[in-house]
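Content type compact mmCIF, C-alpha atoms, from the file structure.txt:
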# COMPACT_ATOMS: atom_id res chain seq x y z
CA MET N 359 16.43 19.00 -23.93
CA THR N 360 12.96 17.43 -23.61
CA TRP N 361 11.14 16.52 -20.37
CA ALA N 362 11.54 12.84 -21.23
CA MET N 363 15.32 13.29 -21.30
CA VAL N 364 15.22 15.07 -17.91
CA GLY N 365 13.27 12.09 -16.57
CA TRP N 366 15.82 9.60 -17.89
CA ILE N 367 18.67 11.65 -16.40
CA ILE N 368 16.95 11.49 -12.98
CA ILE N 369 16.40 7.73 -13.35
CA GLY N 370 20.05 7.22 -14.37
CA LEU N 371 21.31 9.36 -11.51
CA ALA N 372 19.11 7.49 -9.03
CA ALA N 373 20.34 4.12 -10.32
CA VAL N 374 24.02 5.13 -10.06
CA CYS N 375 23.58 6.56 -6.54
CA LEU N 376 21.67 3.46 -5.44
CA ILE N 377 24.32 1.07 -6.79
CA VAL N 378 27.17 3.04 -5.20
CA LEU N 379 25.49 3.43 -1.81
CA THR N 380 24.15 -0.13 -1.66
CA TRP N 381 27.22 -2.09 -2.72
CA VAL N 382 30.19 0.28 -2.24
CA VAL N 383 29.45 2.64 0.68
CA ARG N 384 26.97 0.37 2.57
CA PRO N 385 25.78 2.89 5.22
CA ARG N 386 25.61 1.39 8.72
CA SER N 387 23.53 4.17 10.22
CA TYR N 388 21.34 7.01 9.03
CA ALA N 389 19.15 9.37 11.03
CA LEU N 390 15.71 8.14 9.94
CA ARG N 391 12.64 10.27 10.49
CA ASN N 392 9.54 8.93 12.23
CA GLN N 393 11.32 6.51 14.55
CA ALA N 394 8.29 6.88 16.86
CA PHE N 395 6.13 5.09 14.28
CA PHE N 396 8.37 2.03 14.42
CA ARG N 397 8.66 2.15 18.24
CA HIS N 398 4.88 2.26 18.66
CA LEU N 399 4.33 -0.49 16.08
CA ASN N 400 6.96 -2.69 17.71
CA ARG N 401 5.40 -2.18 21.13
CA SER N 402 1.92 -2.95 19.82
CA ARG N 403 3.09 -6.13 18.06
CA THR N 404 4.92 -7.29 21.19
CA VAL N 405 1.84 -6.73 23.34
CA THR N 406 -0.33 -8.49 20.75
CA ILE N 407 1.93 -11.56 20.76
CA GLU N 408 2.15 -11.58 24.57
CA GLN N 409 -1.64 -11.38 24.90
CA GLY N 410 -2.08 -14.24 22.45
CA ARG N 411 -3.95 -12.04 20.00
CA ARG N 412 -3.57 -11.94 16.23
CA GLN N 413 -1.88 -9.41 13.93
CA GLU N 414 -3.33 -8.36 10.59
CA VAL N 415 -1.16 -6.94 7.82
CA VAL N 416 -2.98 -5.63 4.74
CA LEU N 417 -0.93 -5.22 1.58
CA GLY N 418 -3.24 -3.01 -0.43
CA HIS N 419 -5.40 -3.21 -3.49
CA ALA N 420 -2.94 -3.48 -6.35
CA LEU N 421 0.59 -4.52 -7.18
CA TRP N 422 0.75 -1.77 -9.80
CA SER N 423 -1.38 1.27 -10.53
CA ARG N 424 -0.86 4.13 -12.95
CA ALA N 425 -1.24 6.81 -10.26
CA TYR N 426 1.00 5.15 -7.65
CA PRO N 427 3.24 2.67 -9.49
CA GLY N 428 5.67 1.86 -6.67
CA LEU N 429 3.24 1.23 -3.82
CA GLY N 430 2.56 -2.45 -4.42
CA LEU N 431 6.28 -3.20 -4.46
CA SER N 432 6.73 -0.98 -1.40
CA SER N 433 4.16 -3.04 0.52
CA LEU N 434 6.03 -6.26 -0.33
CA ALA N 435 9.40 -4.78 0.65
CA SER N 436 7.91 -3.49 3.92
CA TYR N 437 6.27 -6.82 4.70
CA ASP N 438 9.55 -8.62 4.01
CA ALA N 439 11.23 -6.32 6.55
CA LEU N 440 8.37 -6.63 9.04
CA LEU N 441 8.23 -10.42 9.20
CA ASP N 442 10.50 -11.18 12.15
CA GLY N 443 11.38 -14.38 13.98
CA GLU N 444 8.93 -13.83 16.85
CA THR N 445 5.99 -13.45 14.48
CA LEU N 446 7.03 -16.54 12.50
CA ALA N 447 7.31 -18.60 15.68
CA ASP N 448 4.03 -17.23 17.08
CA GLY N 449 2.25 -17.75 13.76
CA ARG N 450 -0.81 -15.71 14.76
CA GLN N 451 -0.61 -13.30 11.87
CA THR N 452 -2.77 -12.94 8.78
CA VAL N 453 -1.47 -11.11 5.75
CA SER N 454 -4.13 -10.16 3.26
CA ALA N 455 -4.34 -8.34 -0.04
CA ASN N 456 -7.04 -7.30 -2.45
CA ALA N 457 -4.98 -8.42 -5.45
CA GLY N 458 -4.31 -12.14 -5.78
CA ILE N 459 -0.78 -11.55 -7.05
CA LEU N 460 0.13 -9.67 -3.83
CA ALA N 461 -1.19 -12.56 -1.72
CA VAL N 462 0.87 -15.00 -3.83
CA PHE N 463 4.04 -12.98 -3.27
CA ALA N 464 3.26 -12.63 0.44
CA ARG N 465 2.92 -16.40 0.70
CA GLN N 466 6.24 -16.76 -1.11
CA ILE N 467 7.90 -14.41 1.43
CA ILE N 468 6.43 -16.40 4.33
CA HIS N 469 7.54 -19.74 2.87
CA SER N 470 11.07 -18.54 2.19
CA ARG N 471 11.35 -17.34 5.80
CA TYR N 472 10.09 -20.58 7.30
CA ASP N 473 12.34 -22.56 4.95
CA SER N 474 15.41 -20.56 5.98
CA GLY N 475 15.09 -20.79 9.74
CA PHE N 476 12.31 -22.99 11.07
CA SER N 477 11.28 -26.61 11.04
CA GLU N 478 7.77 -26.82 9.60
CA GLN N 479 7.09 -29.97 11.64
CA LEU N 480 7.56 -28.07 14.90
CA LEU N 481 5.25 -25.20 14.06
CA SER N 482 1.58 -25.93 13.66
CA PRO N 483 0.17 -22.35 13.56
CA ARG N 484 1.63 -20.61 10.57
CA VAL N 485 1.37 -17.11 9.23
CA GLN N 486 -1.46 -17.16 6.69
CA SER N 487 -1.89 -15.16 3.52
CA THR N 488 -5.35 -14.63 2.13
CA VAL N 489 -7.64 -12.56 -0.10
CA TYR N 490 -10.85 -11.38 1.58
CA GLY N 491 -12.59 -10.32 -1.60
CA PRO N 492 -11.97 -9.56 -5.27
CA THR N 493 -13.29 -5.96 -5.25
CA THR N 494 -12.33 -3.08 -3.00
CA PHE N 495 -15.55 -3.07 -1.02
CA SER N 496 -15.95 -6.85 -0.82
CA PHE N 497 -12.37 -6.97 0.49
CA ASN N 498 -13.22 -4.44 3.20
CA ALA N 499 -16.39 -6.31 4.11
CA GLY N 500 -14.33 -9.51 4.47
CA LEU N 501 -11.62 -7.75 6.45
CA MET N 502 -14.14 -6.17 8.84
CA SER N 503 -15.83 -9.51 9.32
CA ASP N 504 -12.52 -11.22 10.14
CA LEU N 505 -11.52 -8.40 12.50
CA LYS N 506 -14.78 -9.00 14.35
CA MET N 507 -14.67 -12.81 14.35
CA GLN N 508 -11.08 -13.17 15.55
CA ASP N 509 -9.22 -11.38 18.30
CA TYR N 510 -6.88 -8.92 16.56
CA GLY N 511 -4.56 -6.61 18.48
CA THR N 512 -2.62 -4.92 15.66
CA LEU N 513 -3.68 -3.84 12.19
CA VAL N 514 -1.05 -2.61 9.72
CA PHE N 515 -1.82 -1.03 6.34
CA LEU N 516 0.97 -1.18 3.76
CA GLY N 517 0.62 -0.18 0.10
CA ASP N 518 -2.09 1.18 -2.16
CA PHE N 519 -5.52 1.85 -0.60
CA GLY N 520 -8.57 4.02 -1.05
CA PRO N 521 -10.43 6.03 1.61
CA GLU N 522 -12.58 2.98 2.44
CA SER N 523 -9.70 1.59 4.52
CA ALA N 524 -10.85 3.96 7.30
CA ILE N 525 -13.86 1.69 8.02
CA SER N 526 -11.62 -1.18 9.12
CA VAL N 527 -9.73 1.12 11.49
CA LYS N 528 -12.96 1.82 13.35
CA LYS N 529 -13.45 -1.93 13.71
CA ILE N 530 -9.97 -2.57 15.19
CA HIS N 531 -10.44 0.33 17.61
CA ASP N 532 -13.75 -1.20 18.72
CA GLN N 533 -11.78 -4.38 19.52
CA ARG N 534 -9.29 -2.36 21.60
CA GLY N 535 -6.61 -2.94 19.02
CA GLU N 536 -4.22 -0.48 17.40
CA ALA N 537 -3.92 0.55 13.76
CA PHE N 538 -0.79 1.65 11.91
CA SER N 539 -0.67 3.02 8.40
CA ALA N 540 2.03 3.18 5.75
CA ALA N 541 -0.60 3.44 3.03
CA GLY N 542 0.30 5.46 0.00
CA SER N 543 -2.54 7.00 -1.96
CA MET N 544 -3.46 10.57 -1.06
CA ALA N 545 -7.14 9.69 -0.56
CA SER N 546 -6.29 6.94 1.93
CA GLN N 547 -3.78 9.15 3.76
CA ALA N 548 -6.37 11.91 4.16
CA ALA N 549 -8.97 9.43 5.43
CA LEU N 550 -6.60 7.51 7.71
CA LEU N 551 -5.04 10.67 9.17
CA LEU N 552 -8.35 11.24 10.93
CA ASN N 553 -8.34 8.09 13.04
CA VAL N 554 -4.87 6.51 12.89
CA PRO N 555 -2.45 8.20 15.31
CA ASP N 556 0.61 6.42 13.86
CA ILE N 557 0.70 7.15 10.17
CA LEU N 558 3.41 7.65 7.55
CA LEU N 559 2.57 10.39 5.04
CA GLY N 560 3.73 11.10 1.49
CA GLU N 561 7.17 9.80 0.62
CA GLU N 562 7.67 8.52 4.19
CA VAL N 563 5.73 5.43 3.09
CA PHE N 564 8.74 4.33 1.06
CA MET N 565 10.94 4.65 4.16
CA ALA N 566 9.00 1.90 5.93
CA PRO N 567 11.37 -0.98 4.97
CA ALA N 568 14.30 0.97 6.47
CA LEU N 569 12.34 1.71 9.65
CA PHE N 570 11.35 -1.94 10.10
CA ASN N 571 14.76 -3.36 9.22
CA PRO N 572 17.63 -0.83 9.15
CA GLN N 573 19.97 -2.92 7.01
CA PRO N 574 22.55 -1.10 4.81
CA GLU N 575 20.58 -1.75 1.59
CA ASN N 576 17.40 -0.24 3.08
CA LEU N 577 19.29 2.72 4.56
CA ALA N 578 21.03 3.32 1.22
CA ALA N 579 17.65 3.61 -0.55
CA VAL N 580 16.42 6.19 1.97
CA GLN N 581 19.67 8.13 1.63
CA VAL N 582 19.37 8.22 -2.17
CA GLU N 583 15.73 9.30 -1.89
CA ASP N 584 16.75 12.18 0.39
CA LEU N 585 19.61 13.21 -1.92
CA LEU N 586 17.30 13.25 -4.93
CA ARG N 587 14.69 15.22 -3.03
CA VAL N 588 17.20 17.88 -1.98
CA GLY N 589 18.44 18.06 -5.58
CA LEU N 590 14.91 18.43 -6.88
CA ILE N 591 14.06 21.15 -4.34
CA LEU N 592 17.17 23.09 -5.37
CA ALA N 593 16.31 22.65 -9.05
CA LEU N 594 12.76 23.91 -8.44
CA VAL N 595 13.97 26.96 -6.49
CA VAL N 596 16.63 27.82 -9.10
CA GLY N 597 14.14 27.24 -11.94
CA ALA N 598 11.49 29.44 -10.31
CA THR N 599 14.06 32.20 -9.63
CA LEU N 600 15.34 32.12 -13.22
CA LYS N 601 11.77 32.20 -14.52
CA ALA N 602 10.96 35.14 -12.23
CA VAL N 603 13.93 37.21 -13.46
CA GLY N 604 13.12 36.38 -17.09
CA VAL N 605 16.08 34.15 -17.93
CA LEU N 606 13.92 31.06 -18.68
CA MET A 718 22.32 -19.91 -7.08
CA LYS A 719 18.52 -19.64 -7.17
CA LYS A 720 18.75 -15.98 -6.23
CA LEU A 721 21.36 -15.30 -8.93
CA ILE A 722 19.18 -16.82 -11.65
CA PHE A 723 16.18 -14.85 -10.37
CA ALA A 724 18.24 -11.64 -10.27
CA ALA A 725 19.60 -12.20 -13.78
CA ILE A 726 16.10 -12.75 -15.23
CA THR A 727 14.71 -9.69 -13.40
CA LEU A 728 17.58 -7.51 -14.59
CA LEU A 729 17.32 -8.77 -18.18
CA VAL A 730 13.56 -8.21 -18.39
CA GLY A 731 13.76 -4.85 -16.60
CA LEU A 732 16.55 -3.50 -18.82
CA THR A 733 14.76 -4.77 -21.94
CA VAL A 734 11.60 -2.88 -20.92
CA LEU A 735 13.62 0.26 -20.16
CA ALA A 736 15.51 -0.01 -23.46
CA GLY A 737 12.16 -0.46 -25.19
CA PHE A 738 11.28 3.15 -24.40
CA PHE A 739 14.36 4.33 -26.33
CA PHE A 740 14.26 1.83 -29.19
CA THR A 741 10.52 1.54 -29.78
CA ASP A 742 10.80 0.29 -33.38
CA GLN A 743 13.33 -2.47 -32.67
CA LEU A 744 11.99 -3.69 -29.33
CA GLY A 745 8.26 -2.99 -29.81
CA PRO A 746 7.23 -6.65 -30.47
CA THR A 747 9.40 -7.88 -27.56
CA LEU A 748 7.81 -5.34 -25.21
CA THR A 749 4.33 -6.43 -26.28
CA LEU A 750 5.25 -10.05 -25.60
CA ILE A 751 6.68 -9.23 -22.13
CA PHE A 752 3.61 -7.18 -21.18
CA GLU A 753 1.29 -9.97 -22.35
CA TRP A 754 3.21 -12.53 -20.27
CA GLY A 755 3.03 -10.16 -17.32
CA LEU A 756 -0.74 -9.77 -17.73
CA VAL A 757 -1.19 -13.55 -17.91
CA LEU A 758 0.84 -13.99 -14.70
CA VAL A 759 -1.09 -11.27 -12.87
CA ALA A 760 -4.39 -12.83 -14.01
CA LEU A 761 -3.14 -16.21 -12.78
CA GLY A 762 -2.28 -14.55 -9.46
CA GLY A 763 -5.87 -13.28 -9.29
CA LEU A 764 -7.15 -16.81 -9.87
CA ILE A 765 -4.89 -18.18 -7.12
CA GLY A 766 -6.19 -15.38 -4.87
CA MET A 767 -9.73 -16.63 -5.46
CA GLY A 768 -8.45 -20.07 -4.49
CA TYR A 769 -7.09 -18.63 -1.20
CA LEU A 770 -10.46 -16.98 -0.57
CA ALA A 771 -12.38 -20.21 -1.15
CA ALA A 772 -9.87 -22.25 0.89
CA MET A 773 -10.13 -19.87 3.86
CA HIS A 774 -13.93 -20.12 3.95
CA ILE A 775 -13.96 -23.90 3.42
CA ARG A 776 -11.53 -24.14 6.37
CA ASN A 777 -13.87 -21.96 8.47
CA ILE A 778 -16.80 -24.28 7.71
CA VAL A 779 -14.86 -27.52 8.26
CA GLN A 780 -13.39 -26.32 11.56
CA ARG A 781 -16.74 -24.78 12.63
CA LYS A 782 -15.02 -21.48 13.41
CA LYS A 783 -16.98 -18.56 14.81
CA GLY A 784 -19.18 -17.13 12.02
CA TRP A 785 -18.84 -20.20 9.80
CA ILE A 786 -22.42 -19.68 8.61
CA TYR A 787 -21.31 -16.46 6.87
CA SER A 788 -18.61 -18.44 5.12
CA ALA A 789 -21.26 -20.88 3.91
CA VAL A 790 -23.39 -18.01 2.56
CA LEU A 791 -20.35 -16.48 0.88
CA LEU A 792 -19.36 -19.77 -0.77
CA ALA A 793 -22.93 -20.36 -1.96
CA ALA A 794 -23.08 -16.84 -3.48
CA PHE A 795 -19.62 -17.35 -4.97
CA LEU A 796 -20.70 -20.63 -6.62
CA VAL A 797 -23.97 -19.15 -7.96
CA SER A 798 -22.10 -16.17 -9.44
CA MET A 799 -19.45 -18.42 -10.95
CA VAL A 800 -21.90 -20.91 -12.47
CA ALA A 801 -24.06 -18.04 -13.80
CA GLY A 802 -20.94 -16.38 -15.20
CA PHE A 803 -19.87 -19.54 -17.01
CA THR A 804 -23.30 -20.53 -18.33
CA LEU A 805 -24.65 -17.06 -19.19
CA SER A 806 -22.58 -14.46 -20.98
CA LEU A 807 -21.40 -11.31 -19.17
CA GLU A 808 -23.69 -9.30 -21.47
CA SER A 809 -26.76 -11.32 -20.42
CA PRO A 810 -29.34 -8.92 -18.88
CA PHE A 811 -30.34 -11.58 -16.33
CA TYR A 812 -26.73 -12.06 -15.17
CA ARG A 813 -26.09 -8.33 -15.00
CA ASP A 814 -29.30 -7.80 -13.01
CA LEU A 815 -28.46 -10.70 -10.71
CA ILE A 816 -25.02 -9.35 -9.89
CA LEU A 817 -25.53 -5.59 -10.08
CA ASN A 818 -28.81 -5.54 -8.14
CA ILE A 819 -26.98 -7.08 -5.20
CA GLN A 820 -23.44 -5.76 -5.54
CA VAL A 821 -24.23 -2.09 -6.18
CA PRO A 822 -26.64 -1.59 -3.22
CA VAL A 823 -24.28 -3.43 -0.87
CA GLU A 824 -21.29 -1.35 -1.98
CA THR A 825 -23.35 1.84 -1.74
CA SER A 826 -24.31 0.99 1.83
CA LEU A 827 -20.61 0.53 2.65
CA LEU A 828 -19.95 3.93 1.10
CA ALA A 829 -22.61 5.40 3.39
CA ILE A 830 -20.91 3.75 6.39
CA LEU A 831 -17.61 5.24 5.21
CA ALA A 832 -19.12 8.74 5.06
CA ALA A 833 -20.48 8.38 8.59
CA THR A 834 -17.15 6.93 9.84
CA LEU A 835 -15.17 9.81 8.33
CA LEU A 836 -17.53 12.40 9.77
CA TYR A 837 -17.27 10.81 13.21
CA ALA A 838 -13.47 10.53 12.93
CA SER A 839 -13.10 14.16 11.84
CA LEU A 840 -15.16 15.29 14.84
CA ARG A 841 -12.85 13.27 17.10
CA LEU A 842 -9.65 14.38 15.36
CA ILE A 843 -8.35 16.48 18.24
CA ARG A 844 -9.11 13.73 20.77
CA THR A 845 -7.30 11.16 18.59
CA ARG A 846 -4.24 13.17 17.68
CA GLY A 847 -4.21 16.08 20.13
CA TRP A 848 -3.49 19.76 19.40
CA THR A 849 -0.50 19.48 17.10
CA PRO A 850 0.61 21.75 14.22
CA LEU A 851 -0.49 18.97 11.83
CA THR A 852 -4.04 18.72 13.20
CA ILE A 853 -4.47 22.50 13.38
CA ALA A 854 -3.19 22.93 9.81
CA PHE A 855 -5.37 20.04 8.62
CA MET A 856 -8.54 21.44 10.17
CA ALA A 857 -7.83 25.01 9.10
CA SER A 858 -7.06 24.03 5.50
CA ALA A 859 -10.15 21.80 5.29
CA PHE A 860 -12.33 24.61 6.64
CA PHE A 861 -10.92 27.28 4.30
CA SER A 862 -11.02 24.97 1.27
CA LEU A 863 -14.69 24.26 1.93
CA LEU A 864 -15.40 27.95 2.43
CA LEU A 865 -13.61 29.01 -0.75
CA ASN A 866 -15.09 26.26 -2.92
CA LEU A 867 -18.63 27.04 -1.80
CA GLY A 868 -18.33 30.24 -3.82
CA LEU A 869 -19.51 32.50 -0.98
CA ILE A 870 -16.50 34.82 -1.30
CA ARG A 871 -16.46 36.71 -4.58
CA THR A 872 -14.23 39.50 -5.86
CA ALA A 873 -14.31 41.74 -8.91
CA SER A 874 -12.28 40.47 -11.84
CA GLY A 875 -8.84 41.94 -12.42
CA THR A 876 -8.40 43.07 -8.80
CA LEU A 877 -5.76 42.11 -6.23
CA GLY A 878 -8.50 40.34 -4.26
CA GLU A 879 -9.12 37.98 -7.18
CA GLN A 880 -5.43 37.12 -7.35
CA VAL A 881 -5.27 36.47 -3.61
CA LEU A 882 -8.40 34.29 -3.78
CA GLY A 883 -6.97 32.39 -6.75
CA PHE A 884 -3.75 31.82 -4.80
CA PHE A 885 -5.61 30.28 -1.86
CA GLN A 886 -7.76 28.16 -4.18
CA ARG A 887 -4.63 26.79 -5.88
CA LEU A 888 -2.81 26.16 -2.60
CA PRO A 889 -4.22 22.61 -1.99
CA LEU A 890 -3.18 21.68 -5.54
CA VAL A 891 0.35 22.93 -4.85
CA GLY A 892 0.52 20.84 -1.68
CA ALA A 893 -0.79 17.77 -3.50
CA ARG A 894 1.85 18.21 -6.21
CA GLY A 895 4.56 18.44 -3.56
CA VAL A 896 3.39 15.19 -1.96
CA LEU A 897 3.10 13.50 -5.36
CA ILE A 898 6.64 14.54 -6.37
CA GLY A 899 8.00 13.01 -3.16
CA MET A 900 5.99 9.84 -3.74
CA ALA A 901 7.13 9.65 -7.36
CA LEU A 902 10.77 9.73 -6.19
CA GLY A 903 10.01 7.02 -3.61
CA GLY A 904 8.28 4.93 -6.27
CA LEU A 905 11.21 5.36 -8.64
CA LEU A 906 13.67 4.19 -5.97
CA MET A 907 11.44 1.24 -5.07
CA GLY A 908 11.25 0.16 -8.72
CA LEU A 909 15.03 0.40 -9.07
CA ARG A 910 15.53 -1.68 -5.91
CA PHE A 911 13.49 -4.52 -7.39
CA LEU A 912 15.08 -4.08 -10.83
CA LEU A 913 18.58 -4.32 -9.35
CA SER A 914 17.49 -7.30 -7.20
CA ILE A 915 18.23 -5.50 -3.93
CA ASN A 916 14.70 -6.64 -3.03
CA SER A 917 12.74 -9.45 -4.57
CA PRO A 918 8.94 -9.78 -4.56
CA GLY A 919 9.14 -13.30 -3.15
CA GLY A 920 11.56 -12.31 -0.38
CA GLU A 921 14.44 -14.52 -1.56
CA ARG A 922 17.71 -13.65 0.17
Since I need it in another form, could you write the structure as structure tokens?
Amino acid sequence: MTWAMVGWIIIGLAAVCLIVLTWVVRPRSYALRNQAFFRHLNRSRTVTIEQGRRQEVVLGHALWSRAYPGLGLSSLASYDALLDGETLADGRQTVSANAGILAVFARQIIHSRYDSGFSEQLLSPRVQSTVYGPTTFSFNAGLMSDLKMQDYGTLVFLGDFGPESAISVKKIHDQRGEAFSAAGSMASQAALLLNVPDILLGEEVFMAPALFNPQPENLAAVQVEDLLRVGLILALVVGATLKAVGVL
Amino acid sequence: MKKLIFAAITLLVGLTVLAGFFFTDQLGPTLTLIFEWGLVLVALGGLIGMGYLAAMHIRNIVQRKKGWIYSAVLLAAFLVSMVAGFTLSLESPFYRDLILNIQVPVETSLLAILAATLLYASLRLIRTRGWTPLTIAFMASAFFSLLLNLGLIRTASGTLGEQVLGFFQRLPLVGARGVLIGMALGGLLMGLRFLLSINSPGGER
């Protein structure tokens, strides 16, 4: 058996578990970790709306990257779960991305939400999607400038970032705002850990959609992820033991 | 109905790409075609993103928002770069000097700000996050990694000390692999969710 075959077995197993849990079992509840992250974020967003300040959601630098292929999609799934009725009605939110394609999808998410529950004629301020700059640093320069020009109360990082995202956090703190991170790359997590108290680390980033919106399909994905992780841990322990005793 | 059509197309394309890894000879040309279409769409997305950027700054100028003068400078620089890019080739030394002599120093200065920000944040780590197992472990591991990688501690080859030192030097790599395995599983699940149309990138429900 080759490593490629092992990989395909894991993919097949994950697909079967996901289908069964999403459409057959449909879990209503699951003990999610890091509930405090969601509680703090929810409180911050509520305060931001009540104070008439703006929210900024940043969706990362790329839809797809070789090192972290799922992060761009994760940021879109998280944003979809994060965009609630209060924010849509308030409209004082900017969603930005470094990659144009992410901004296009974000705009599509916003439009589909307004179309499904709001009259566009009644709402003049609308949630905006934008691109601050085409390169990583020009994006950060644009983001910092916007954070300074407008009154932001909450800054949320979702997706694929580099360590430079830490500069923007300093800016939101200077404005007496709060920052939250569900950013995926290891460099960004190490940098953001230093100055973001509410941060999701490692695989927790992919739990964000379930934390924001605990619907059965989101809970099912977290449950499958946990099952696979336990299976993988067991396989690693058994493999290491067999290697140690000379069987493998 | 719209969602069903979208889901069917996603599933068809996704399964074709997956099958392409097994049947490379038969599906090779189809895969190339799908990837090329994907690249064209992503490039188009980038172009639309530039449109959003320009629209945001034009709006700032028209509505005389705070800092609109910066938007005017940005749009002027954007237009100069674009016109120079269209009229001169990307290999033109003048164009490369024009762009790189501005872009590189500006980005380097941001990098310097980042270094200062990270240093300041690491000094304030305990005040930001408090004395928790995570912060203590983070600071201790950063300190020992720095100490070990400076090469100040040396042991004779073939001794137990060398093995112990090697173990501690490999420890960050082990941790990184653990995190990456978890993230790979998360990424796999996320990809499957979009492939099976449990989620859609445009948020259709």
- Message: Using all atoms listed in the file, which protein or nucleic acid residues come within 12 Å of Ser858 in chain A? Drop anything in the same chain fewer than 6 positions from it, and give the result as a list in words.
- Response: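 After dropping sequence-adjacent residues, the list is Pro850, Leu851, Thr852, Leu864, Leu865, Asn866, Phe885, Gln886, Arg887, Leu888, Pro889, Leu890 and Gly892 of chain A.
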- Task: Grab the CA of Leu748 in chain A to CA of Ala736 in chain A distance for me, in Å with one decimal place.
- Result: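 CA of Leu748 in chain A sits 9.5 Å away from CA of Ala736 in chain A.
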- Counting all atoms listed in the file, which of N:Tyr437, N:Phe564, N:Trp381, N:Phe497 gets nearest to chain A? N:Phe564
- Task: Can you check which residues of chain A have any atom within 8 Å of chain N? Use all atoms listed in the file and format it as a PyMOL selection string.
- Result: chain A and resi 759-767+769-770+773+783-784+824+827-828+830-831+834-835+838-839+841-842+845-846+896-897+899-911+915-921
- Check the smallest atom-to-atom distance from each of N:Thr445, N:Gln573, N:Gln409, N:Thr599 to Tyr388 in chain N using only C-alpha atoms, then report the winner. N:Gln573
- Hey, what's within 12 Å of Ile870 in chain A if we count only C-alpha atoms and toss same-chain stuff fewer than 2 positions away? As a PyMOL selection string, please? chain A and resi 861-868+872-873+878-879+881-883+885-886
- Task: Please indicate the distance in Å from CA of Phe570 in chain N to CA of Gly517 in chain N, rounded to one decimal place.
- Result: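 Here the two named atoms are 14.8 Å from each other.
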- Task: Have a look at CA of Thr512 in chain N and CA of Glu414 in chain N and let me know their distance in Å, one decimal.
- Result: 6.2 Å
Please enclose the listed atoms of range 409-413 of chain N in an axis-aligned box, pad each side by 3 Å, and write out the centre and the three edge lengths in Å, rounded to one decimal, as JSON.
{"center_x": -2.8, "center_y": -11.8, "center_z": 19.4, "size_x": 8.3, "size_y": 10.8, "size_z": 17.0}
- Can you pull out every residue within 8 Å of Phe396 in chain N, counting only C-alpha atoms, but drop anything in the same chain fewer than 3 positions away, and send it as a ChimeraX atom specification? /N:392-393,399-400,569-570
